[in-house]
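Chemist: First the structure, which I've put down as structure tokens, then a few questions once you've had a look.
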Amino acid sequence: MKHLFYLQLFGDGSIGAEGAETGVATPSGGEDLSSVVYGKASREVTDPKEKTDDTPEARKARFEEMIKGDYKDIFAERTQKIIDERFKKTKGLEDRLKSLDPILNVLSDKYGTDANDIEALKKAIDEDESYYQKAAMEEGLTVKQYKEMKALERQNAELLEAQQKAKEQEEVDKIFSEWDQQAKDFSERYQIEGFSLKDEIQNPEFANLLKAGVTVEGAYKAVHFDDMVGGAMAHTATKVKEDLVKSVNGRATRPSEGAVASHSATTFKTDVNALSKADIFECIRRAEKGEVITF
């Protein structure tokens, strides 16, 4: 910061003999220094070899670190909740099947079939004319006609059920398609790292907001307000950084006055003690224009 203060001080007009009359820094020797980038901060910004840890392997490693570290209890709680919900559903199905055992045992005894062989039991019932005789007489039909009528009714019921399920599935697909498009638009607009609609829907709070008619963007902002603020700040910093890089690169590749098509490679100078007289005047000139240079 000491060196920055000196450069800004020179920029106010205190520049010594060569620029005393005009108060403007004057380069020495006419050397073209437009391709030179001064200061450590500039070197860090324009260095193209930025490391990234956003590879699939790195993300998996970070995830493993989180679930085994600070987020171990939260991950265990979430996993146990999923297991409990699935176990509850499975237990309900088991209880329902067990409640049917007495009926299956009675029918298997009547028809001499294995209670566990549902297909054999169904065939035995279908072939038992006495099972349909009373109902057929009440309908004024023969047993064969009655059985055909009942088969047709079952087919119609199954068809209606299939149509209803198809309609419901179509509506669900339409809703998910809309959510998916909203998620893509939202992700492109805010560039949120690691955003996944599939993962977000696992959050009951997020899912309930979507079911209530809230958009993906609205639901995410409601659930991740603090994260969104931090992400927006990071995005702004990245944008400023990119603009600065473009500005520096553009200045570095701009032809000097009188040159036809000469482009110099960018040179970085980070040691203040190694600056020449021309470099010092160039730094002063840039400081006068508002550029911040630190060593």
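Ligands are numbered from 1 in the order shown, residues from 1 within each chain, and chains are lettered A, B, ... in the order they appear in the structure tokens.
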Give me the residues near segment 193-200 of chain A as a short mmCIF file (atom, residue, chain, number, x, y, z; two decimals) with C-alpha atoms, in the first residue's frame, where near means some atom within 9 Å (using only C-alpha atoms) and where sequence neighbours in that chain fewer than 6 positions away do not count.
Modeler:
data_model
loop_
_atom_site.label_atom_id
_atom_site.label_comp_id
_atom_site.auth_asym_id
_atom_site.auth_seq_id
_atom_site.Cartn_x
_atom_site.Cartn_y
_atom_site.Cartn_z
CA ASP A 54 -15.47 -28.48 -9.87
CA TRP A 179 -40.64 -27.25 -13.66
CA ASP A 180 -37.73 -28.58 -15.69
CA ALA A 183 -35.13 -24.85 -13.61
CA LYS A 184 -33.09 -24.51 -16.82
CA SER A 187 -29.92 -22.00 -13.65
CA PHE A 206 -39.03 -26.92 -1.63
CA ALA A 207 -41.38 -29.64 -2.95
CA VAL A 216 -38.88 -23.02 -9.22
CA TYR A 220 -35.37 -21.76 -4.44
CA GLY A 231 -24.02 -16.48 -4.75
#
Chemist: Which value, in Å to one decimal, gives the distance between atom CA of Leu100 of chain A and atom CA of Ala166 of chain A?
Modeler: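 These two atoms are separated by 29.3 Å.
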Chemist: Which residue, A:Tyr111, A:Phe281, A:Phe268, A:Tyr132, has the smallest gap to Ser35 of chain A when you use only C-alpha atoms?
Modeler: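 The shortest atom-to-atom distance to Ser35 of chain A comes from A:Phe268.
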Chemist: Could you check how far atom CA of Glu168 of chain A sits from atom CA of Asn208 of chain A, in Å to one decimal?
Modeler: 18.8 Å
Chemist: So how many Å separate atom CA of Leu97 of chain A and atom CA of Glu153 of chain A, to one decimal?
Modeler: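 That distance, rounded to one decimal, is 25.2 Å.
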